[in-house]
>>> print(open('query00.cif').read())   # mmCIF, C-alpha atoms
data_start
loop_
_atom_site.group_PDB
_atom_site.id
_atom_site.type_symbol
_atom_site.label_atom_id
_atom_site.label_comp_id
_atom_site.auth_asym_id
_atom_site.auth_seq_id
_atom_site.Cartn_x
_atom_site.Cartn_y
_atom_site.Cartn_z
ATOM 1 C CA MET A 19 -58.468 37.364 -36.205
ATOM 2 C CA ASP A 20 -61.496 35.116 -35.712
ATOM 3 C CA ASP A 21 -62.113 32.914 -32.688
ATOM 4 C CA ASN A 22 -60.962 29.742 -34.471
ATOM 5 C CA SER A 23 -57.636 31.336 -35.382
ATOM 6 C CA THR A 24 -57.125 32.537 -31.800
ATOM 7 C CA GLU A 25 -57.900 29.118 -30.452
ATOM 8 C CA GLY A 26 -55.383 27.577 -32.852
ATOM 9 C CA VAL A 27 -52.653 29.910 -31.711
ATOM 10 C CA LEU A 28 -53.428 29.134 -28.071
ATOM 11 C CA LEU A 29 -53.338 25.404 -28.720
ATOM 12 C CA GLU A 30 -49.996 25.668 -30.469
ATOM 13 C CA GLY A 31 -48.633 27.769 -27.583
ATOM 14 C CA ASN A 32 -49.884 25.307 -24.990
ATOM 15 C CA THR A 33 -48.313 22.403 -26.874
ATOM 16 C CA ALA A 34 -44.945 24.175 -27.019
ATOM 17 C CA ASN A 35 -45.117 25.046 -23.309
ATOM 18 C CA LYS A 36 -45.968 21.464 -22.404
ATOM 19 C CA ALA A 37 -43.053 20.196 -24.504
ATOM 20 C CA PHE A 38 -40.680 22.623 -22.767
ATOM 21 C CA ILE A 39 -42.020 21.704 -19.337
ATOM 22 C CA SER A 40 -41.693 17.991 -20.099
ATOM 23 C CA ARG A 41 -38.069 18.503 -21.145
ATOM 24 C CA ALA A 42 -37.194 20.676 -18.150
ATOM 25 C CA PRO A 43 -37.141 17.901 -15.523
ATOM 26 C CA ARG A 44 -34.877 15.784 -17.723
ATOM 27 C CA LEU A 45 -32.554 18.755 -18.186
ATOM 28 C CA ARG A 46 -32.489 19.421 -14.444
ATOM 29 C CA THR A 47 -31.808 15.739 -13.798
ATOM 30 C CA ARG A 48 -28.875 15.696 -16.198
ATOM 31 C CA LEU A 49 -27.474 18.910 -14.708
ATOM 32 C CA TYR A 50 -27.728 17.451 -11.211
ATOM 33 C CA GLN A 51 -26.061 14.194 -12.198
ATOM 34 C CA ARG A 52 -23.227 15.998 -13.934
ATOM 35 C CA SER A 53 -22.611 18.437 -11.078
ATOM 36 C CA ASN A 54 -22.914 15.668 -8.485
ATOM 37 C CA HIS A 55 -20.337 13.587 -10.365
ATOM 38 C CA TRP A 56 -17.765 16.372 -10.292
ATOM 39 C CA PHE A 57 -18.623 17.428 -6.755
ATOM 40 C CA ASN A 58 -18.041 13.883 -5.476
ATOM 41 C CA ARG A 59 -14.712 13.776 -7.288
ATOM 42 C CA LEU A 60 -13.589 17.070 -5.786
ATOM 43 C CA PRO A 61 -12.336 15.692 -2.428
ATOM 44 C CA GLN A 62 -10.296 13.007 -4.210
ATOM 45 C CA THR A 63 -8.880 15.562 -6.621
ATOM 46 C CA LEU A 64 -7.961 17.968 -3.827
ATOM 47 C CA SER A 65 -6.388 15.123 -1.861
ATOM 48 C CA ALA A 66 -4.329 14.047 -4.890
ATOM 49 C CA VAL A 67 -3.079 17.603 -5.439
ATOM 50 C CA HIS A 68 -2.269 17.948 -1.733
ATOM 51 C CA GLN A 69 -0.322 14.673 -1.736
ATOM 52 C CA GLY A 70 1.489 15.532 -4.944
ATOM 53 C CA CYS A 71 2.606 18.930 -3.678
ATOM 54 C CA TRP A 72 4.159 17.379 -0.599
ATOM 55 C CA LEU A 73 5.689 14.428 -2.423
ATOM 56 C CA GLY A 74 7.362 16.851 -4.794
ATOM 57 C CA PHE A 75 8.903 18.656 -1.825
ATOM 58 C CA LEU A 76 9.764 15.796 0.549
ATOM 59 C CA SER A 77 12.845 13.581 0.279
ATOM 60 C CA PRO A 78 12.772 9.772 0.716
ATOM 61 C CA ASP A 79 14.148 10.201 4.242
ATOM 62 C CA ASP A 80 11.396 12.723 4.968
ATOM 63 C CA VAL A 81 8.637 10.313 3.975
ATOM 64 C CA ASN A 82 10.312 7.588 6.044
ATOM 65 C CA ASP A 83 10.135 9.908 9.037
ATOM 66 C CA ILE A 84 6.445 10.594 8.354
ATOM 67 C CA THR A 85 5.742 6.850 8.223
ATOM 68 C CA LEU A 86 7.719 6.185 11.416
ATOM 69 C CA ARG A 87 5.783 8.908 13.229
ATOM 70 C CA HIS A 88 2.515 7.372 12.030
ATOM 71 C CA PHE A 89 3.339 3.923 13.382
ATOM 72 C CA GLY A 90 4.988 5.446 16.438
ATOM 73 C CA GLY A 91 1.574 6.636 17.573
ATOM 74 C CA SER A 92 -0.262 3.428 16.725
ATOM 75 C CA GLN A 93 -2.156 1.550 19.406
ATOM 76 C CA PHE A 94 -3.593 -1.050 17.039
ATOM 77 C CA TYR A 95 -0.233 -2.445 15.872
ATOM 78 C CA THR A 96 1.050 -2.719 19.443
ATOM 79 C CA SER A 97 -2.091 -4.360 20.831
ATOM 80 C CA GLN A 98 -2.202 -7.965 21.994
ATOM 81 C CA GLU A 99 -5.413 -8.451 20.049
ATOM 82 C CA HIS A 100 -3.556 -7.760 16.810
ATOM 83 C CA ASN A 101 -0.257 -9.455 17.566
ATOM 84 C CA LEU A 102 -1.739 -12.626 19.056
ATOM 85 C CA GLY A 103 -4.251 -12.941 16.226
ATOM 86 C CA GLY A 104 -2.126 -15.347 14.184
ATOM 87 C CA PHE A 105 -1.917 -15.486 10.409
ATOM 88 C CA LEU A 106 -4.389 -13.737 8.180
ATOM 89 C CA GLU A 107 -6.160 -16.163 5.851
ATOM 90 C CA TRP A 108 -4.080 -15.277 2.794
ATOM 91 C CA GLU A 109 -0.841 -15.505 4.801
ATOM 92 C CA ALA A 110 -1.687 -18.965 6.106
ATOM 93 C CA SER A 111 -2.522 -20.180 2.608
ATOM 94 C CA ALA A 112 0.714 -18.869 1.082
ATOM 95 C CA ILE A 113 2.956 -20.113 3.902
ATOM 96 C CA ASN A 114 1.380 -23.578 3.982
ATOM 97 C CA ARG A 115 1.893 -23.876 0.237
ATOM 98 C CA TYR A 116 5.407 -22.513 -0.226
ATOM 99 C CA PHE A 117 7.263 -22.645 3.136
ATOM 100 C CA ARG A 118 8.763 -25.879 4.424
ATOM 101 C CA LYS A 119 7.351 -26.697 7.840
ATOM 102 C CA GLY A 120 9.892 -26.304 10.625
ATOM 103 C CA SER A 121 12.321 -24.238 8.549
ATOM 104 C CA ARG A 122 13.984 -21.032 9.692
ATOM 105 C CA ALA A 123 12.234 -17.823 8.615
ATOM 106 C CA LEU A 124 13.094 -14.130 8.760
ATOM 107 C CA VAL A 125 10.361 -11.473 8.950
ATOM 108 C CA ALA A 126 11.196 -7.995 7.630
ATOM 109 C CA GLY A 127 9.117 -5.074 8.846
ATOM 110 C CA ALA A 128 7.940 -7.322 11.666
ATOM 111 C CA GLY A 129 6.104 -4.657 13.657
ATOM 112 C CA ALA A 130 5.505 -5.819 17.224
ATOM 113 C CA GLY A 131 5.773 -9.482 16.241
ATOM 114 C CA ARG A 132 2.477 -10.827 14.906
ATOM 115 C CA GLU A 133 4.001 -12.747 11.993
ATOM 116 C CA VAL A 134 6.956 -14.006 14.065
ATOM 117 C CA LEU A 135 4.650 -15.329 16.778
ATOM 118 C CA ALA A 136 2.339 -16.908 14.196
ATOM 119 C CA LEU A 137 5.288 -18.626 12.485
ATOM 120 C CA ARG A 138 6.586 -19.969 15.774
ATOM 121 C CA GLN A 139 3.152 -21.232 16.708
ATOM 122 C CA ALA A 140 3.023 -23.022 13.334
ATOM 123 C CA GLY A 141 6.315 -24.805 14.063
ATOM 124 C CA PHE A 142 8.832 -22.510 12.336
ATOM 125 C CA GLU A 143 12.010 -21.018 13.786
ATOM 126 C CA ALA A 144 11.288 -17.344 13.257
ATOM 127 C CA GLU A 145 12.933 -14.002 13.967
ATOM 128 C CA GLY A 146 12.277 -10.501 12.710
ATOM 129 C CA PHE A 147 13.479 -6.930 12.435
ATOM 130 C CA GLU A 148 11.690 -3.587 12.503
ATOM 131 C CA CYS A 149 12.676 0.091 12.079
ATOM 132 C CA SER A 150 10.130 1.566 14.539
ATOM 133 C CA GLU A 151 11.478 1.820 18.088
ATOM 134 C CA HIS A 152 7.883 2.094 19.316
ATOM 135 C CA LEU A 153 6.937 -1.256 17.785
ATOM 136 C CA VAL A 154 10.172 -2.984 18.834
ATOM 137 C CA SER A 155 9.620 -1.830 22.408
ATOM 138 C CA ALA A 156 6.087 -3.200 22.315
ATOM 139 C CA SER A 157 7.395 -6.501 20.957
ATOM 140 C CA GLU A 158 9.844 -6.868 23.842
ATOM 141 C CA SER A 159 7.035 -6.695 26.379
ATOM 142 C CA LEU A 160 4.871 -9.030 24.334
ATOM 143 C CA PHE A 161 7.579 -11.683 23.871
ATOM 144 C CA THR A 162 8.685 -11.472 27.522
ATOM 145 C CA GLN A 163 5.125 -12.037 28.723
ATOM 146 C CA ARG A 164 4.984 -15.186 26.604
ATOM 147 C CA GLY A 165 8.386 -16.426 27.766
ATOM 148 C CA GLN A 166 9.969 -16.107 24.320
ATOM 149 C CA THR A 167 13.343 -14.664 23.377
ATOM 150 C CA GLY A 168 15.072 -13.573 20.184
ATOM 151 C CA GLY A 169 12.025 -11.893 18.717
ATOM 152 C CA ILE A 170 12.348 -8.520 16.980
ATOM 153 C CA VAL A 171 15.530 -6.455 16.583
ATOM 154 C CA LEU A 172 15.746 -2.770 15.661
ATOM 155 C CA CYS A 173 17.075 -1.871 12.223
ATOM 156 C CA ASP A 174 17.451 1.313 10.174
ATOM 157 C CA PRO A 175 14.652 2.100 7.688
ATOM 158 C CA ASP A 176 14.975 0.429 4.254
ATOM 159 C CA SER A 177 17.759 -1.787 5.621
ATOM 160 C CA VAL A 178 18.325 -5.423 6.574
ATOM 161 C CA PRO A 179 20.533 -6.518 9.505
ATOM 162 C CA SER A 180 23.791 -8.014 8.262
ATOM 163 C CA GLY A 181 24.524 -11.684 8.761
ATOM 164 C CA ALA A 182 25.010 -15.046 7.124
ATOM 165 C CA ALA A 183 22.622 -16.679 4.665
ATOM 166 C CA THR A 184 20.909 -18.982 7.160
ATOM 167 C CA TYR A 185 17.179 -18.524 6.509
ATOM 168 C CA GLU A 186 14.993 -20.813 4.416
ATOM 169 C CA GLY A 187 12.017 -18.504 4.162
ATOM 170 C CA LEU A 188 11.459 -14.743 4.016
ATOM 171 C CA VAL A 189 8.375 -12.726 4.913
ATOM 172 C CA VAL A 190 7.957 -8.988 4.449
ATOM 173 C CA GLY A 191 5.479 -7.945 7.132
ATOM 174 C CA TRP A 192 1.913 -7.014 6.188
ATOM 175 C CA GLY A 193 2.131 -3.990 3.848
ATOM 176 C CA ALA A 194 5.669 -3.055 4.939
ATOM 177 C CA TYR A 195 7.089 -3.171 1.411
ATOM 178 C CA THR A 196 4.696 -0.443 0.283
ATOM 179 C CA HIS A 197 6.234 1.995 2.776
ATOM 180 C CA ILE A 198 9.735 1.920 1.239
ATOM 181 C CA PRO A 199 10.249 5.007 -0.970
ATOM 182 C CA THR A 200 11.760 4.772 -4.472
ATOM 183 C CA ARG A 201 12.290 1.725 -6.629
ATOM 184 C CA SER A 202 16.048 1.781 -6.087
ATOM 185 C CA ARG A 203 15.640 1.527 -2.309
ATOM 186 C CA ARG A 204 13.049 -1.231 -2.576
ATOM 187 C CA VAL A 205 15.224 -3.312 -4.899
ATOM 188 C CA ALA A 206 18.282 -2.794 -2.676
ATOM 189 C CA PHE A 207 16.191 -3.852 0.329
ATOM 190 C CA LEU A 208 15.099 -7.075 -1.407
ATOM 191 C CA GLN A 209 18.671 -7.778 -2.504
ATOM 192 C CA SER A 210 19.901 -7.436 1.086
ATOM 193 C CA LEU A 211 17.053 -9.663 2.242
ATOM 194 C CA ARG A 212 17.936 -12.308 -0.357
ATOM 195 C CA GLN A 213 21.520 -12.345 0.909
ATOM 196 C CA ARG A 214 20.233 -13.578 4.286
ATOM 197 C CA ALA A 215 18.478 -16.582 2.702
ATOM 198 C CA LEU A 216 19.621 -19.859 1.198
ATOM 199 C CA PRO A 217 19.087 -20.410 -2.538
ATOM 200 C CA HIS A 218 15.553 -21.306 -3.629
ATOM 201 C CA SER A 219 13.997 -19.855 -0.480
ATOM 202 C CA PRO A 220 10.443 -18.460 -0.745
ATOM 203 C CA LEU A 221 9.648 -14.787 -0.145
ATOM 204 C CA LEU A 222 6.136 -13.634 0.770
ATOM 205 C CA VAL A 223 5.487 -9.943 0.079
ATOM 206 C CA SER A 224 2.187 -8.062 0.264
ATOM 207 C CA PHE A 225 1.447 -4.761 -1.442
ATOM 208 C CA PHE A 226 -1.184 -2.178 -2.385
ATOM 209 C CA ALA A 227 -2.577 -2.349 -5.913
ATOM 210 C CA ARG A 228 -2.602 0.703 -8.186
ATOM 211 C CA LEU A 229 -5.733 2.906 -8.176
ATOM 212 C CA ASN A 230 -6.880 5.672 -10.535
ATOM 213 C CA HIS A 231 -5.727 8.854 -8.815
ATOM 214 C CA GLU A 232 -1.978 8.227 -8.640
ATOM 215 C CA LYS A 233 -1.278 9.850 -12.008
ATOM 216 C CA LEU A 234 -2.648 13.171 -10.767
ATOM 217 C CA VAL A 235 -0.545 12.799 -7.621
ATOM 218 C CA TYR A 236 2.484 12.097 -9.789
ATOM 219 C CA ARG A 237 1.903 15.004 -12.206
ATOM 220 C CA THR A 238 1.438 17.419 -9.308
ATOM 221 C CA ALA A 239 4.549 16.071 -7.586
ATOM 222 C CA MET A 240 6.609 16.390 -10.762
ATOM 223 C CA LEU A 241 5.496 20.008 -11.130
ATOM 224 C CA CYS A 242 6.515 20.761 -7.555
ATOM 225 C CA ARG A 243 9.726 18.791 -7.990
ATOM 226 C CA SER A 244 10.689 20.958 -10.945
ATOM 227 C CA VAL A 245 10.077 24.059 -8.832
ATOM 228 C CA PHE A 246 12.225 22.744 -5.974
ATOM 229 C CA ARG A 247 14.734 21.119 -8.383
ATOM 230 C CA ALA A 248 14.514 17.792 -6.575
ATOM 231 C CA ARG A 249 16.333 14.636 -7.623
ATOM 232 C CA GLU A 250 14.843 12.377 -10.268
ATOM 233 C CA ASP A 251 14.311 9.491 -7.857
ATOM 234 C CA ARG A 252 12.115 11.363 -5.404
ATOM 235 C CA VAL A 253 8.724 10.556 -6.869
ATOM 236 C CA GLU A 254 7.222 7.765 -8.980
ATOM 237 C CA VAL A 255 3.815 6.883 -10.356
ATOM 238 C CA GLY A 256 2.080 5.019 -7.534
ATOM 239 C CA ASP A 257 3.482 7.173 -4.712
ATOM 240 C CA CYS A 258 0.892 8.460 -2.225
ATOM 241 C CA LEU A 259 0.583 9.944 1.234
ATOM 242 C CA GLU A 260 -2.450 8.119 2.609
ATOM 243 C CA TRP A 261 -3.801 7.933 6.169
ATOM 244 C CA GLY A 262 -0.821 9.825 7.508
ATOM 245 C CA ARG A 263 1.948 7.700 5.988
ATOM 246 C CA TYR A 264 3.741 7.043 2.711
ATOM 247 C CA VAL A 265 2.669 4.165 0.467
ATOM 248 C CA HIS A 266 3.616 3.084 -3.030
ATOM 249 C CA ARG A 267 0.915 1.315 -5.054
ATOM 250 C CA PHE A 268 1.961 -1.312 -7.604
ATOM 251 C CA THR A 269 0.921 -2.747 -10.906
ATOM 252 C CA ARG A 270 1.793 -6.387 -11.512
ATOM 253 C CA ALA A 271 4.576 -5.351 -13.889
ATOM 254 C CA ASP A 272 6.015 -3.021 -11.225
ATOM 255 C CA LEU A 273 6.156 -5.652 -8.525
ATOM 256 C CA GLU A 274 7.406 -8.503 -10.679
ATOM 257 C CA GLY A 275 10.046 -6.202 -12.167
ATOM 258 C CA GLU A 276 11.377 -5.273 -8.738
ATOM 259 C CA LEU A 277 11.433 -8.900 -7.595
ATOM 260 C CA LYS A 278 13.332 -9.899 -10.741
ATOM 261 C CA SER A 279 15.853 -7.060 -10.329
ATOM 262 C CA ALA A 280 16.498 -8.217 -6.770
ATOM 263 C CA GLY A 281 17.090 -11.851 -7.751
ATOM 264 C CA PHE A 282 13.666 -13.414 -7.161
ATOM 265 C CA GLU A 283 11.509 -15.362 -9.586
ATOM 266 C CA THR A 284 7.794 -14.665 -9.145
ATOM 267 C CA VAL A 285 5.958 -17.985 -8.864
ATOM 268 C CA ASP A 286 2.622 -16.761 -7.514
ATOM 269 C CA TYR A 287 0.752 -13.465 -7.774
ATOM 270 C CA GLU A 288 -2.634 -12.751 -6.188
ATOM 271 C CA GLU A 289 -4.384 -9.422 -6.577
ATOM 272 C CA GLN A 290 -7.992 -10.467 -5.920
ATOM 273 C CA SER A 291 -7.620 -11.441 -2.247
ATOM 274 C CA THR A 292 -8.234 -9.096 0.678
ATOM 275 C CA THR A 293 -4.547 -8.185 0.528
ATOM 276 C CA PRO A 294 -2.676 -8.434 -2.797
ATOM 277 C CA HIS A 295 0.502 -10.482 -2.408
ATOM 278 C CA ALA A 296 3.116 -12.438 -4.305
ATOM 279 C CA ILE A 297 5.591 -15.255 -3.779
ATOM 280 C CA GLY A 298 9.133 -14.965 -5.109
ATOM 281 C CA ILE A 299 11.824 -17.670 -5.031
ATOM 282 C CA SER A 300 15.421 -16.595 -4.460
ATOM 283 C CA LEU A 301 17.744 -17.531 -7.314
#
>>> encode(input="query00.cif", output="structure tokens")
Amino acid sequence: MDDNSTEGVLLEGNTANKAFISRAPRLRTRLYQRSNHWFNRLPQTLSAVHQGCWLGFLSPDDVNDITLRHFGGSQFYTSQEHNLGGFLEWEASAINRYFRKGSRALVAGAGAGREVLALRQAGFEAEGFECSEHLVSASESLFTQRGQTGGIVLCDPDSVPSGAATYEGLVVGWGAYTHIPTRSRRVAFLQSLRQRALPHSPLLVSFFARLNHEKLVYRTAMLCRSVFRAREDRVEVGDCLEWGRYVHRFTRADLEGELKSAGFETVDYEEQSTTPHAIGISL
């Protein structure tokens, strides 16, 4: 082989090597991006599987107990800073628009009394009920210090104290509706709440909007449920165990369907605010 032929072979080899080298960084970049994508999803996937396994095993009463224990150890929801903070912006807007000033209002899932105190400060006659003894106890101290009576009464989970239909406005405390397990219990809760209100009374309810991982939670829970032969109503799409307590996340169709089944007409729905919420009118 002459020198020119050798040089040609070397040039061709160098060109091929350069082409491979130029492609290698792009290949490494793509491999990194792909692996990083799945690695970042791994904690969420593991969390969804973990939640699903437990939801498939736990009963509705079990998840209520988990939620009660979570709020039973809360310092934030018993603090004066929180409970004397008044309405959140979205609450004030909804109440000013739909609630008649000076009317009588009932707050469900009232915690230690933030919404009740805010309603009273705004000129309403307000009372509330709560299923956490820890929060009710905190409310008693808070109301006594402010010289107020008839604040928050203790009630069983997923229940409404019995009584006459005397209220003209209903508020489900911030996020409280999301902690009620199963659609049947939530609808029954709203029906009992409606029975305490006069016709055409407004209901303000806040909720958590549906995310992307709930289907994996649900599929895992259904698999575990089949193993433990649990009842059909134990788990639903949207159920989660987040931050140490049970929550159910809603689509618009979910929430409006439950309101309708309980005897409320949805007249306002807001999912873009800091806290998704809706207004229903009792029929």
>>> closest_residue(input="query00.cif", among="A:Cys149, A:Ala136, A:Leu234, A:Leu222", to="Asp286 (chain A)", atoms="only C-alpha atoms")
A:Leu222
>>> resolve_selection(input="query00.cif", expression="the PyMOL selection byres ((chain A and resi 96-105) around 6)", output="ChimeraX atom specification")
/A:93-95,106,109-110,130,132,136,156
>>> residues_around(input="query00.cif", residues="Ile84 (chain A)", least_positions_apart="6", cutoff="8 Å", atoms="only C-alpha atoms", output="list in words")
Gly262, Arg263 and Tyr264 of chain A
>>> resolve_selection(input="query00.cif", expression="the PyMOL selection byres ((chain A and resi 191) around 8)", output="PyMOL selection string")
chain A and resi 125-129+133+189-190+192-195+223-224
>>> axis_aligned_box(input="query00.cif", around="region 58-67 of chain A", padding_each_side="4 Å", output="lines of an AutoDock Vina configuration file")
center_x = -10.6
center_y = 15.5
center_z = -4.6
size_x = 23.0
size_y = 13.0
size_z = 13.4
>>> residues_around(input="query00.cif", residues="His218 (chain A)", least_positions_apart="6", cutoff="10 Å", atoms="all atoms listed in the file", output="PyMOL selection string")
chain A and resi 186-187+212+282-283+298-301
>>> atom_distance(input="query00.cif", atom1="CA of Pro199 (chain A)", atom2="CA of Ala271 (chain A)")
17.5 Å
>>> atom_distance(input="query00.cif", atom1="CA of Leu137 (chain A)", atom2="CA of His266 (chain A)")
26.7 Å
>>> residues_around(input="query00.cif", residues="Glu289 (chain A)", least_positions_apart="3", cutoff="12 Å", atoms="all atoms listed in the file", output="JSON, numbers by chain")
{"A": [108, 223, 224, 225, 226, 227, 228, 268, 269, 270, 273, 286, 292, 293, 294, 295, 296, 297]}
>>> write_last_selection(input="query00.cif", atoms="C-alpha atoms", output="CSV table (one decimal), in the frame of the given file")
chain,number,residue,atom,x,y,z
A,108,TRP,CA,-4.1,-15.3,2.8
A,223,VAL,CA,5.5,-9.9,0.1
A,224,SER,CA,2.2,-8.1,0.3
A,225,PHE,CA,1.4,-4.8,-1.4
A,226,PHE,CA,-1.2,-2.2,-2.4
A,227,ALA,CA,-2.6,-2.3,-5.9
A,228,ARG,CA,-2.6,0.7,-8.2
A,268,PHE,CA,2.0,-1.3,-7.6
A,269,THR,CA,0.9,-2.7,-10.9
A,270,ARG,CA,1.8,-6.4,-11.5
A,273,LEU,CA,6.2,-5.7,-8.5
A,286,ASP,CA,2.6,-16.8,-7.5
A,292,THR,CA,-8.2,-9.1,0.7
A,293,THR,CA,-4.5,-8.2,0.5
A,294,PRO,CA,-2.7,-8.4,-2.8
A,295,HIS,CA,0.5,-10.5,-2.4
A,296,ALA,CA,3.1,-12.4,-4.3
A,297,ILE,CA,5.6,-15.3,-3.8
>>> resolve_selection(input="query00.cif", expression="the PyMOL selection byres ((chain A and resi 257) around 9)", output="MDAnalysis selection string")
chainID A and resid 69:70 73 199:200 232 235:236 253:256 258:259 264:267
>>> atom_distance(input="query00.cif", atom1="CA of Arg138 (chain A)", atom2="CA of Ala182 (chain A)")
20.9 Å
>>> closest_residue(input="query00.cif", among="A:Phe161, A:Ser65, A:Phe75, A:Arg115", to="Leu241 (chain A)", atoms="only C-alpha atoms")
A:Phe75
>>> residues_around(input="query00.cif", residues="Gly74 (chain A)", least_positions_apart="3", cutoff="7 Å", atoms="all atoms listed in the file", output="list in words")
Gly70, Cys71, Ala239, Met240, Cys242, Arg243 and Val253 of chain A
>>> closest_residue(input="query00.cif", among="A:Glu145, A:Glu151, A:Asp83, A:Asp176", to="Ala206 (chain A)", atoms="all atoms listed in the file")
A:Asp176
>>> decode(input="query00.cif", residues="region 203-228 of chain A", atoms="C-alpha atoms", output="PDB file, in the first residue's frame")
ATOM      1  CA  ARG A 203     -70.100   9.053  54.122  1.00  0.00           C
ATOM      2  CA  ARG A 204     -69.425  12.435  52.542  1.00  0.00           C
ATOM      3  CA  VAL A 205     -72.874  12.594  50.950  1.00  0.00           C
ATOM      4  CA  ALA A 206     -74.545  11.507  54.203  1.00  0.00           C
ATOM      5  CA  PHE A 207     -72.564  14.197  56.039  1.00  0.00           C
ATOM      6  CA  LEU A 208     -73.744  16.900  53.611  1.00  0.00           C
ATOM      7  CA  GLN A 209     -77.326  15.650  53.848  1.00  0.00           C
ATOM      8  CA  SER A 210     -77.222  15.899  57.649  1.00  0.00           C
ATOM      9  CA  LEU A 211     -75.692  19.361  57.349  1.00  0.00           C
ATOM     10  CA  ARG A 212     -78.434  20.470  54.944  1.00  0.00           C
ATOM     11  CA  GLN A 213     -81.070  19.349  57.443  1.00  0.00           C
ATOM     12  CA  ARG A 214     -79.741  21.954  59.898  1.00  0.00           C
ATOM     13  CA  ALA A 215     -80.225  24.799  57.390  1.00  0.00           C
ATOM     14  CA  LEU A 216     -83.210  26.663  56.004  1.00  0.00           C
ATOM     15  CA  PRO A 217     -84.031  26.251  52.303  1.00  0.00           C
ATOM     16  CA  HIS A 218     -81.861  28.201  49.860  1.00  0.00           C
ATOM     17  CA  SER A 219     -79.021  28.561  52.359  1.00  0.00           C
ATOM     18  CA  PRO A 220     -75.463  28.808  50.970  1.00  0.00           C
ATOM     19  CA  LEU A 221     -72.803  26.188  51.708  1.00  0.00           C
ATOM     20  CA  LEU A 222     -69.091  26.974  51.385  1.00  0.00           C
ATOM     21  CA  VAL A 223     -66.882  23.893  50.996  1.00  0.00           C
ATOM     22  CA  SER A 224     -63.171  23.750  50.178  1.00  0.00           C
ATOM     23  CA  PHE A 225     -61.351  20.739  48.772  1.00  0.00           C
ATOM     24  CA  PHE A 226     -58.134  19.376  47.262  1.00  0.00           C
ATOM     25  CA  ALA A 227     -58.003  19.068  43.481  1.00  0.00           C
ATOM     26  CA  ARG A 228     -57.046  15.796  41.789  1.00  0.00           C
TER      27      ARG A 228
END
